[in-house]
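Visitor: Got a file for you: coords-v8.txt, compact mmCIF, C-alpha atoms.
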# COMPACT_ATOMS: atom_id res chain seq x y z
CA MET A 1 -14.08 -19.96 -0.03
CA LEU A 2 -16.55 -18.03 -2.18
CA VAL A 3 -15.54 -15.80 -5.10
CA PHE A 4 -17.82 -12.99 -6.27
CA LYS A 5 -17.35 -11.07 -9.50
CA THR A 6 -20.32 -8.70 -9.40
CA ILE A 7 -21.27 -5.91 -7.02
CA LEU A 8 -24.85 -7.23 -6.87
CA ASN A 9 -23.87 -10.69 -5.63
CA THR A 10 -21.26 -9.26 -3.29
CA LYS A 11 -23.84 -7.03 -1.61
CA LYS A 12 -26.29 -9.96 -1.37
CA GLN A 13 -23.65 -12.05 0.39
CA ARG A 14 -22.76 -9.21 2.76
CA ARG A 15 -26.41 -8.74 3.75
CA LYS A 16 -26.53 -12.37 4.92
CA TYR A 17 -23.94 -11.58 7.58
CA ASN A 18 -24.70 -7.91 8.16
CA GLY A 19 -24.63 -8.32 11.93
CA ASN A 20 -21.14 -9.82 11.94
CA LYS A 21 -18.00 -7.76 12.21
CA CYS A 22 -16.59 -7.43 8.71
CA GLY A 23 -12.96 -7.02 7.71
CA LEU A 24 -11.74 -5.96 4.27
CA ILE A 25 -8.26 -6.39 2.81
CA PRO A 26 -8.07 -4.39 -0.46
CA THR A 27 -5.40 -5.74 -2.83
CA MET A 28 -4.35 -5.60 -6.47
CA GLY A 29 -3.51 -9.29 -6.44
CA SER A 30 -0.11 -10.94 -6.94
CA LEU A 31 -0.38 -11.69 -3.24
CA HIS A 32 2.69 -12.11 -1.04
CA LYS A 33 3.35 -12.66 2.65
CA GLY A 34 2.58 -9.01 3.39
CA HIS A 35 -0.97 -9.40 2.10
CA LEU A 36 -1.35 -12.73 3.85
CA SER A 37 -0.31 -11.17 7.17
CA LEU A 38 -3.19 -8.69 6.79
CA ILE A 39 -5.61 -11.55 6.20
CA GLU A 40 -4.31 -13.37 9.27
CA LYS A 41 -4.77 -10.21 11.35
CA ALA A 42 -8.35 -9.89 10.11
CA LEU A 43 -9.07 -13.50 11.06
CA LYS A 44 -8.30 -12.60 14.68
CA LYS A 45 -10.58 -9.56 14.71
CA ASP A 46 -13.45 -10.16 12.30
CA ASP A 47 -16.13 -12.74 11.54
CA ASP A 48 -16.93 -11.94 7.91
CA ILE A 49 -13.68 -11.44 5.99
CA TRP A 50 -13.31 -10.14 2.44
CA VAL A 51 -10.28 -9.86 0.20
CA SER A 52 -10.71 -7.70 -2.89
CA ILE A 53 -8.49 -8.36 -5.89
CA PHE A 54 -8.66 -5.57 -8.43
CA ILE A 55 -5.86 -3.99 -10.46
CA ASN A 56 -7.15 -0.44 -10.34
CA PRO A 57 -6.34 1.43 -13.57
CA THR A 58 -6.96 4.92 -12.17
CA GLN A 59 -3.99 4.74 -9.79
CA PHE A 60 -1.53 4.14 -12.63
CA ASN A 61 -0.24 7.26 -14.33
CA CYS A 62 1.72 5.14 -16.80
CA GLU A 63 -0.04 2.75 -19.21
CA LYS A 64 3.12 0.66 -19.51
CA ASP A 65 3.26 0.17 -15.72
CA LEU A 66 -0.39 -0.95 -15.71
CA LYS A 67 0.18 -3.48 -18.49
CA LYS A 68 3.23 -5.06 -16.87
CA TYR A 69 1.74 -5.22 -13.36
CA PRO A 70 1.93 -8.91 -12.35
CA LYS A 71 -1.30 -10.90 -12.59
CA ASN A 72 -1.85 -14.41 -11.23
CA PHE A 73 -5.40 -14.64 -9.91
CA ASP A 74 -5.50 -18.46 -9.72
CA GLU A 75 -2.40 -18.47 -7.53
CA ASP A 76 -3.85 -15.66 -5.42
CA LEU A 77 -6.98 -17.71 -4.72
CA LYS A 78 -4.88 -20.72 -3.73
CA LYS A 79 -2.92 -18.60 -1.24
CA ILE A 80 -6.08 -17.20 0.31
CA LYS A 81 -7.66 -20.64 0.58
CA SER A 82 -4.51 -22.00 2.25
CA ILE A 83 -5.14 -19.61 5.13
CA SER A 84 -8.87 -20.21 5.47
CA ASN A 85 -11.69 -21.50 3.29
CA LYS A 86 -14.13 -19.15 5.02
CA ILE A 87 -12.78 -16.00 3.34
CA ASN A 88 -14.84 -14.25 0.66
CA VAL A 89 -13.11 -12.84 -2.41
CA PHE A 90 -14.36 -9.92 -4.49
CA LEU A 91 -12.79 -10.25 -7.94
CA PRO A 92 -14.48 -7.69 -10.22
CA THR A 93 -13.73 -6.59 -13.77
CA GLU A 94 -12.86 -3.01 -14.72
CA SER A 95 -16.37 -2.50 -16.17
CA GLU A 96 -17.91 -3.63 -12.89
CA ILE A 97 -16.04 -0.99 -10.90
CA TYR A 98 -16.10 1.67 -13.63
CA PRO A 99 -19.33 1.01 -15.61
CA LYS A 100 -19.38 4.37 -17.41
CA LYS A 101 -15.88 5.78 -17.62
CA ILE A 102 -12.54 4.82 -16.11
CA GLU A 103 -11.72 7.97 -14.18
CA SER A 104 -10.95 9.11 -10.65
CA SER A 105 -13.22 11.11 -8.39
CA LYS A 106 -12.05 14.42 -6.93
CA PHE A 107 -10.75 14.56 -3.37
CA ASN A 108 -9.34 17.30 -1.17
CA MET A 109 -6.13 15.86 0.26
CA ASN A 110 -4.63 19.12 1.55
CA ASN A 111 -1.76 18.86 -0.94
CA LEU A 112 -0.71 15.41 0.36
CA ASN A 113 -1.30 14.08 -3.15
CA ASN A 114 1.29 16.48 -4.59
CA ILE A 115 4.34 15.61 -2.49
CA PHE A 116 6.77 12.68 -2.45
CA GLU A 117 5.00 9.82 -4.28
CA GLY A 118 2.43 12.26 -5.63
CA THR A 119 5.15 14.31 -7.33
CA HIS A 120 6.39 11.29 -9.24
CA ARG A 121 2.98 9.68 -9.79
CA PRO A 122 0.41 12.39 -10.58
CA GLY A 123 -3.16 11.23 -10.04
CA HIS A 124 -2.08 8.13 -8.14
CA PHE A 125 -3.69 8.96 -4.81
CA GLU A 126 -6.91 10.18 -6.44
CA GLY A 127 -7.12 6.72 -8.02
CA VAL A 128 -6.41 5.01 -4.71
CA LEU A 129 -9.13 6.92 -2.85
CA THR A 130 -11.56 6.40 -5.72
CA VAL A 131 -11.31 2.62 -5.56
CA VAL A 132 -11.13 2.46 -1.76
CA SER A 133 -14.30 4.56 -1.46
CA LYS A 134 -16.05 2.27 -3.95
CA LEU A 135 -14.96 -0.85 -2.07
CA PHE A 136 -16.13 0.59 1.24
CA LYS A 137 -19.58 1.30 -0.24
CA ILE A 138 -19.84 -2.16 -1.80
CA ILE A 139 -18.61 -4.27 1.13
CA ASN A 140 -19.41 -1.93 4.04
CA PRO A 141 -16.62 -3.22 6.32
CA ASN A 142 -16.10 -2.43 9.98
CA ASN A 143 -12.32 -2.76 9.61
CA ALA A 144 -10.03 -2.25 6.61
CA TYR A 145 -6.41 -3.43 6.61
CA PHE A 146 -3.44 -1.73 4.96
CA GLY A 147 0.33 -2.22 5.14
CA GLU A 148 2.76 0.43 6.36
CA LYS A 149 5.03 0.00 3.33
CA ASP A 150 2.83 2.44 1.40
CA PHE A 151 3.05 4.91 4.26
CA GLN A 152 1.89 8.00 2.37
CA GLN A 153 -1.08 6.08 1.01
CA LEU A 154 -1.94 4.89 4.52
CA PHE A 155 -1.74 8.44 5.89
CA ILE A 156 -3.97 9.80 3.11
CA ILE A 157 -6.58 7.07 3.61
CA LYS A 158 -6.63 7.70 7.36
CA ASN A 159 -7.02 11.45 6.85
CA TRP A 160 -9.81 10.96 4.32
CA GLN A 161 -11.62 8.51 6.61
CA LYS A 162 -11.39 10.92 9.54
CA TYR A 163 -12.38 14.02 7.52
CA LYS A 164 -15.40 12.29 5.98
CA SER A 165 -16.32 10.51 9.24
CA ILE A 166 -16.46 7.20 7.41
CA PRO A 167 -17.44 4.44 9.88
CA VAL A 168 -14.53 2.14 8.97
CA ASN A 169 -11.62 1.48 11.30
CA ILE A 170 -8.32 1.73 9.37
CA ILE A 171 -5.89 -0.86 10.73
CA ALA A 172 -2.21 -0.63 9.78
CA SER A 173 0.28 -3.48 9.82
CA PRO A 174 4.11 -3.40 9.78
CA THR A 175 6.00 -3.96 6.55
CA ILE A 176 6.83 -7.59 5.84
CA ARG A 177 10.31 -8.09 4.39
CA GLU A 178 12.21 -10.59 2.31
CA LYS A 179 15.20 -12.35 3.88
CA ASN A 180 17.58 -9.64 2.66
CA GLY A 181 15.40 -6.86 4.12
CA LEU A 182 13.73 -5.73 0.88
CA ALA A 183 10.17 -4.63 1.56
CA MET A 184 7.79 -7.16 0.05
CA SER A 185 5.94 -5.86 -2.98
CA SER A 186 4.00 -7.43 -5.83
CA ARG A 187 6.40 -5.69 -8.21
CA ASN A 188 9.48 -7.42 -6.76
CA CYS A 189 8.87 -10.36 -9.08
CA LEU A 190 9.64 -8.05 -12.02
CA LEU A 191 13.24 -7.66 -10.83
CA SER A 192 16.10 -9.85 -12.01
CA LYS A 193 17.41 -12.23 -9.35
CA SER A 194 20.70 -10.37 -8.96
CA ILE A 195 19.07 -6.95 -8.58
CA ARG A 196 16.47 -8.34 -6.18
CA ASN A 197 19.28 -9.67 -4.01
CA GLU A 198 21.23 -6.41 -4.24
CA ALA A 199 18.14 -4.37 -3.32
CA GLY A 200 18.50 -5.53 0.27
CA PHE A 201 21.03 -2.72 0.73
CA ILE A 202 18.16 -0.21 0.88
CA PHE A 203 16.76 -1.41 4.20
CA LYS A 204 20.26 -1.93 5.56
CA SER A 205 21.08 1.67 4.70
CA LEU A 206 17.86 2.97 6.27
CA SER A 207 18.60 1.07 9.46
CA GLU A 208 22.14 2.46 9.60
CA CYS A 209 20.80 5.99 9.11
CA LYS A 210 18.52 5.52 12.08
CA LYS A 211 21.47 4.43 14.25
CA ILE A 212 24.18 6.90 13.28
CA CYS A 213 22.56 10.04 11.83
CA SER A 214 21.37 12.91 13.99
CA ASN A 215 19.32 14.88 11.45
CA GLY A 216 17.71 14.73 8.02
CA ASN A 217 20.64 16.35 6.22
CA GLU A 218 23.02 13.67 7.48
CA ILE A 219 20.56 10.98 6.42
CA LYS A 220 20.31 12.37 2.88
CA GLN A 221 24.08 12.56 2.58
CA LYS A 222 24.58 8.99 3.77
CA LEU A 223 21.90 7.63 1.44
CA LEU A 224 23.44 9.45 -1.53
CA GLU A 225 26.79 7.88 -0.68
CA ASP A 226 25.23 4.42 -0.32
CA PHE A 227 23.33 4.66 -3.59
CA ASN A 228 26.52 5.75 -5.37
CA LYS A 229 27.86 2.30 -4.50
CA HIS A 230 24.89 0.67 -6.26
CA MET A 231 24.87 2.35 -9.64
CA ALA A 232 21.91 0.41 -11.08
CA PHE A 233 19.62 2.05 -8.53
CA LYS A 234 18.27 5.58 -8.92
CA LEU A 235 17.34 7.44 -5.73
CA ASN A 236 14.09 9.30 -6.42
CA TYR A 237 13.70 11.02 -3.05
CA VAL A 238 14.40 10.67 0.65
CA ALA A 239 12.60 12.58 3.39
CA CYS A 240 12.19 12.65 7.15
CA ILE A 241 8.62 13.46 8.12
CA ASP A 242 6.61 14.15 11.24
CA THR A 243 4.07 11.32 11.14
CA ASN A 244 1.36 13.47 12.71
CA SER A 245 1.45 16.21 10.06
CA PHE A 246 3.40 14.51 7.23
CA LEU A 247 5.52 17.65 6.99
CA GLU A 248 9.18 17.22 6.12
CA ILE A 249 11.50 17.83 9.07
CA ASN A 250 15.24 17.91 9.69
CA GLU A 251 15.71 17.62 13.47
CA PHE A 252 13.66 14.43 13.71
CA LYS A 253 14.74 13.64 17.27
CA LYS A 254 12.71 16.62 18.48
CA PHE A 255 9.51 14.95 17.30
CA LYS A 256 7.63 12.25 19.15
CA GLU A 257 6.94 10.28 15.97
CA SER A 258 8.92 10.56 12.76
CA ARG A 259 9.54 8.43 9.68
CA LEU A 260 12.21 8.11 7.07
CA LEU A 261 10.69 7.71 3.59
CA ILE A 262 12.55 6.59 0.50
CA SER A 263 11.82 5.84 -3.13
CA ALA A 264 14.16 4.30 -5.67
CA SER A 265 13.93 2.91 -9.20
CA VAL A 266 15.72 -0.01 -10.80
CA GLU A 267 15.05 -2.03 -13.96
CA GLY A 268 11.94 0.05 -14.54
CA VAL A 269 10.50 -0.93 -11.16
CA ARG A 270 9.63 1.57 -8.43
CA LEU A 271 10.65 0.58 -4.88
CA ILE A 272 9.41 2.41 -1.79
CA ASP A 273 10.22 1.85 1.86
CA ASN A 274 10.15 3.59 5.23
CA ILE A 275 11.15 3.09 8.84
CA ALA A 276 10.22 4.72 12.12
CA LEU A 277 13.10 6.90 13.34
CA ASN A 278 12.44 7.34 17.02
CA ASN A 279 11.40 4.03 18.53
Could you show the structure in this file as structure tokens?
Guide:
Amino acid sequence: MLVFKTILNTKKQRRKYNGNKCGLIPTMGSLHKGHLSLIEKALKKDDDIWVSIFINPTQFNCEKDLKKYPKNFDEDLKKIKSISNKINVFLPTESEIYPKKIESSKFNMNNLNNIFEGTHRPGHFEGVLTVVSKLFKIINPNNAYFGEKDFQQLFIIKNWQKYKSIPVNIIASPTIREKNGLAMSSRNCLLSKSIRNEAGFIFKSLSECKKICSNGNEIKQKLLEDFNKHMAFKLNYVACIDTNSFLEINEFKKFKESRLLISASVEGVRLIDNIALNN
């Protein structure tokens, strides 16, 4: 396993294998089984595989959140190596990615950056696209792998890639969950053990909504009732969306593809999750 900390050396290494199919897994480190599942998927599809580890400051709208984001690069490298010693790792500093000024580029996201997660985290998706665009230019992958847990992020990246005709195939993978159903996230380690165990109710509630509710209004009412039984958790938003347009809908059964999105906060940690409603 080779680790590169500069853009110059990363590009030199990529040129050596320019004819091989390249897969990129962008991460912010603190790797868990969800990240590792993306790497394993890339191993089946690609010959030259890269994992980037970079805690991107421009996608944090809160300095406190950035400072407390979990960091364990040595452990991350061990986890990657346990899967394969042929994986390349790009582990840059902030000054390497942002040599002049730490700021986001401007993107037209057709208002997708101002709804749901964007409402609660202004500037977040601009930061995400900024770093993803930089990584694509540096590593020049054929395939890039993202998890479905961050469903709005995934949708925005796909739209941007399509609109800009960027020659990178965006490959999505299902959410990997803890034993109690909680969607795996690097931030889960910031939760107390008791709250982390209790947080399994979120996925259970989403699954029940899918089974027994007939429209978005019923789903919202049930989730409010469920969250009232778990007073430590704050429900930020819940929405049913058409996955083709990302517009909020109520009669989700009339749509071929729809998703239930949710965001909650507990112990200063933001939790997001989603499930497909009609499959």
Visitor: Give me the region 42-128 of chain A side of the contact with region 216-239 of chain A, cut-off 9 Å, one line per residue showing its nearest atom pair and distance in Å at one decimal, counting all atoms listed in the file, sorted by chain and residue number, as a tab-separated table.
Guide:
residue	atom	partner	partner_atom	distance
A:Phe116	CA	A:Tyr237	CA	7.2
A:Glu117	CA	A:Tyr237	CA	8.9
A:His120	CA	A:Asn236	CA	8.4
Visitor: For a quick check of understanding, using all atoms listed in the file, which of A:Tyr163, A:Asp150, A:Val3, A:Ile83 has the smallest distance to Asn110 (chain A)?
Guide: A:Tyr163
Visitor: Using CA of Glu257 (chain A) and CA of Thr119 (chain A) as the two end points, give the distance in Å to one decimal.
Guide: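 Between these atoms lies a distance of 23.7 Å.
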Visitor: When you draw a straight line from CA of Asp48 (chain A) to CA of Pro141 (chain A), how long is it in Å?
Guide: 8.9 Å
Visitor: Tell me, in Å to one decimal, how far CA of Lys78 (chain A) is from CA of Glu148 (chain A).
Guide: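 If I compute the distance from CA of Lys78 (chain A) to CA of Glu148 (chain A), I get 24.6 Å.
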Visitor: With all atoms listed in the file as the basis for distance, which of A:Lys164, A:Glu267, A:Lys81, A:Gly34 is at the shortest distance from Leu182 (chain A)?
Guide: A:Gly34
Visitor: Using only C-alpha atoms, can you tell me which of A:Pro167, A:Pro174, A:Pro26, A:Gly200 comes closest to Gly147 (chain A)?
Guide: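 Looking at the shortest contact to Gly147 (chain A), the residue is A:Pro174.
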Visitor: Contacts of region 9-14 of chain A at 9 Å or less, counting only C-alpha atoms, minus same-chain residues fewer than 3 places along, as a PDB file with C-alpha atoms, in the frame of the given file?
Guide:
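Written output follows (selection-v9.pdb):
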ATOM      1  CA  VAL A   3     -15.540 -15.800  -5.100  1.00  0.00           C
ATOM      2  CA  PHE A   4     -17.820 -12.990  -6.270  1.00  0.00           C
ATOM      3  CA  LYS A   5     -17.350 -11.070  -9.500  1.00  0.00           C
ATOM      4  CA  THR A   6     -20.320  -8.700  -9.400  1.00  0.00           C
ATOM      5  CA  TYR A  17     -23.940 -11.580   7.580  1.00  0.00           C
ATOM      6  CA  ASN A  18     -24.700  -7.910   8.160  1.00  0.00           C
ATOM      7  CA  CYS A  22     -16.590  -7.430   8.710  1.00  0.00           C
ATOM      8  CA  ASP A  48     -16.930 -11.940   7.910  1.00  0.00           C
ATOM      9  CA  VAL A  89     -13.110 -12.840  -2.410  1.00  0.00           C
ATOM     10  CA  PHE A  90     -14.360  -9.920  -4.490  1.00  0.00           C
ATOM     11  CA  ILE A 138     -19.840  -2.160  -1.800  1.00  0.00           C
ATOM     12  CA  ILE A 139     -18.610  -4.270   1.130  1.00  0.00           C
ATOM     13  CA  ASN A 140     -19.410  -1.930   4.040  1.00  0.00           C
TER      14      ASN A 140
END
Visitor: Residues at most 8 Å from Leu191 (chain A), counting all atoms listed in the file, excluding those fewer than 4 positions away in the same chain, as a list in words?
Guide: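 That gives Arg187, Ile195, Arg196, Glu267 and Val269 of chain A.
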Visitor: Measuring atom to atom with only C-alpha atoms, identify which of A:Ile241, A:Leu277, A:Ile171, A:Ala144 is nearest to Leu206 (chain A).
Guide: A:Leu277
Visitor: Set the distance at 10 Å and use only C-alpha atoms: which residues neighbour Thr175 (chain A) once local chain neighbours fewer than 6 positions away are removed? I'd like the list as an mmCIF file with C-alpha atoms, in the coordinates of the input.
Guide:
data_model
loop_
_atom_site.group_PDB
_atom_site.id
_atom_site.type_symbol
_atom_site.label_atom_id
_atom_site.label_comp_id
_atom_site.auth_asym_id
_atom_site.auth_seq_id
_atom_site.Cartn_x
_atom_site.Cartn_y
_atom_site.Cartn_z
ATOM 1 C CA LYS A 33 3.350 -12.660 2.650
ATOM 2 C CA GLY A 34 2.580 -9.010 3.390
ATOM 3 C CA HIS A 35 -0.970 -9.400 2.100
ATOM 4 C CA SER A 37 -0.310 -11.170 7.170
ATOM 5 C CA PHE A 146 -3.440 -1.730 4.960
ATOM 6 C CA GLY A 147 0.330 -2.220 5.140
ATOM 7 C CA GLU A 148 2.760 0.430 6.360
ATOM 8 C CA LYS A 149 5.030 0.000 3.330
ATOM 9 C CA ASP A 150 2.830 2.440 1.400
ATOM 10 C CA PHE A 151 3.050 4.910 4.260
ATOM 11 C CA LEU A 182 13.730 -5.730 0.880
ATOM 12 C CA ALA A 183 10.170 -4.630 1.560
ATOM 13 C CA MET A 184 7.790 -7.160 0.050
ATOM 14 C CA SER A 185 5.940 -5.860 -2.980
ATOM 15 C CA ASP A 273 10.220 1.850 1.860
ATOM 16 C CA ASN A 274 10.150 3.590 5.230
ATOM 17 C CA ILE A 275 11.150 3.090 8.840
#
Visitor: Which is closest to Ser105 (chain A) among A:Val131, A:Ile87, A:Ile49, A:Cys189, if we use all atoms listed in the file?
Guide: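 Nearest to Ser105 (chain A): A:Val131.
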Visitor: Let me make sure I understand: among A:Glu103, A:Glu251, A:Glu75, A:Asp46, which one has the smallest atom-to-atom distance to Leu129 (chain A) if we use all atoms listed in the file?
Guide: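 Nearest to Leu129 (chain A): A:Glu103.
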Visitor: Pick out the residues sitting within 12 Å of Phe107 (chain A), and hand them over as a ChimeraX atom specification; count only C-alpha atoms, and ignore anything fewer than 4 positions along from it in its own chain.
Guide: /A:111-113,123-130,133,156-157,159-161,163-164
Visitor: Considering only C-alpha atoms, return as a PDB file with C-alpha atoms, in the coordinates of the input whatever protein or nucleic-acid residues lie within 12 Å of Ile80 (chain A), sequence-local ones (same chain, fewer than 5 positions apart) excluded.
Guide:
ATOM      1  CA  MET A   1     -14.080 -19.960  -0.030  1.00  0.00           C
ATOM      2  CA  LEU A   2     -16.550 -18.030  -2.180  1.00  0.00           C
ATOM      3  CA  VAL A   3     -15.540 -15.800  -5.100  1.00  0.00           C
ATOM      4  CA  ILE A  25      -8.260  -6.390   2.810  1.00  0.00           C
ATOM      5  CA  THR A  27      -5.400  -5.740  -2.830  1.00  0.00           C
ATOM      6  CA  GLY A  29      -3.510  -9.290  -6.440  1.00  0.00           C
ATOM      7  CA  SER A  30      -0.110 -10.940  -6.940  1.00  0.00           C
ATOM      8  CA  LEU A  31      -0.380 -11.690  -3.240  1.00  0.00           C
ATOM      9  CA  HIS A  32       2.690 -12.110  -1.040  1.00  0.00           C
ATOM     10  CA  LYS A  33       3.350 -12.660   2.650  1.00  0.00           C
ATOM     11  CA  HIS A  35      -0.970  -9.400   2.100  1.00  0.00           C
ATOM     12  CA  LEU A  36      -1.350 -12.730   3.850  1.00  0.00           C
ATOM     13  CA  SER A  37      -0.310 -11.170   7.170  1.00  0.00           C
ATOM     14  CA  LEU A  38      -3.190  -8.690   6.790  1.00  0.00           C
ATOM     15  CA  ILE A  39      -5.610 -11.550   6.200  1.00  0.00           C
ATOM     16  CA  GLU A  40      -4.310 -13.370   9.270  1.00  0.00           C
ATOM     17  CA  LEU A  43      -9.070 -13.500  11.060  1.00  0.00           C
ATOM     18  CA  ILE A  49     -13.680 -11.440   5.990  1.00  0.00           C
ATOM     19  CA  TRP A  50     -13.310 -10.140   2.440  1.00  0.00           C
ATOM     20  CA  VAL A  51     -10.280  -9.860   0.200  1.00  0.00           C
ATOM     21  CA  SER A  52     -10.710  -7.700  -2.890  1.00  0.00           C
ATOM     22  CA  ILE A  53      -8.490  -8.360  -5.890  1.00  0.00           C
ATOM     23  CA  PHE A  73      -5.400 -14.640  -9.910  1.00  0.00           C
ATOM     24  CA  ASP A  74      -5.500 -18.460  -9.720  1.00  0.00           C
ATOM     25  CA  GLU A  75      -2.400 -18.470  -7.530  1.00  0.00           C
ATOM     26  CA  ASN A  85     -11.690 -21.500   3.290  1.00  0.00           C
ATOM     27  CA  LYS A  86     -14.130 -19.150   5.020  1.00  0.00           C
ATOM     28  CA  ILE A  87     -12.780 -16.000   3.340  1.00  0.00           C
ATOM     29  CA  ASN A  88     -14.840 -14.250   0.660  1.00  0.00           C
ATOM     30  CA  VAL A  89     -13.110 -12.840  -2.410  1.00  0.00           C
TER      31      VAL A  89
END
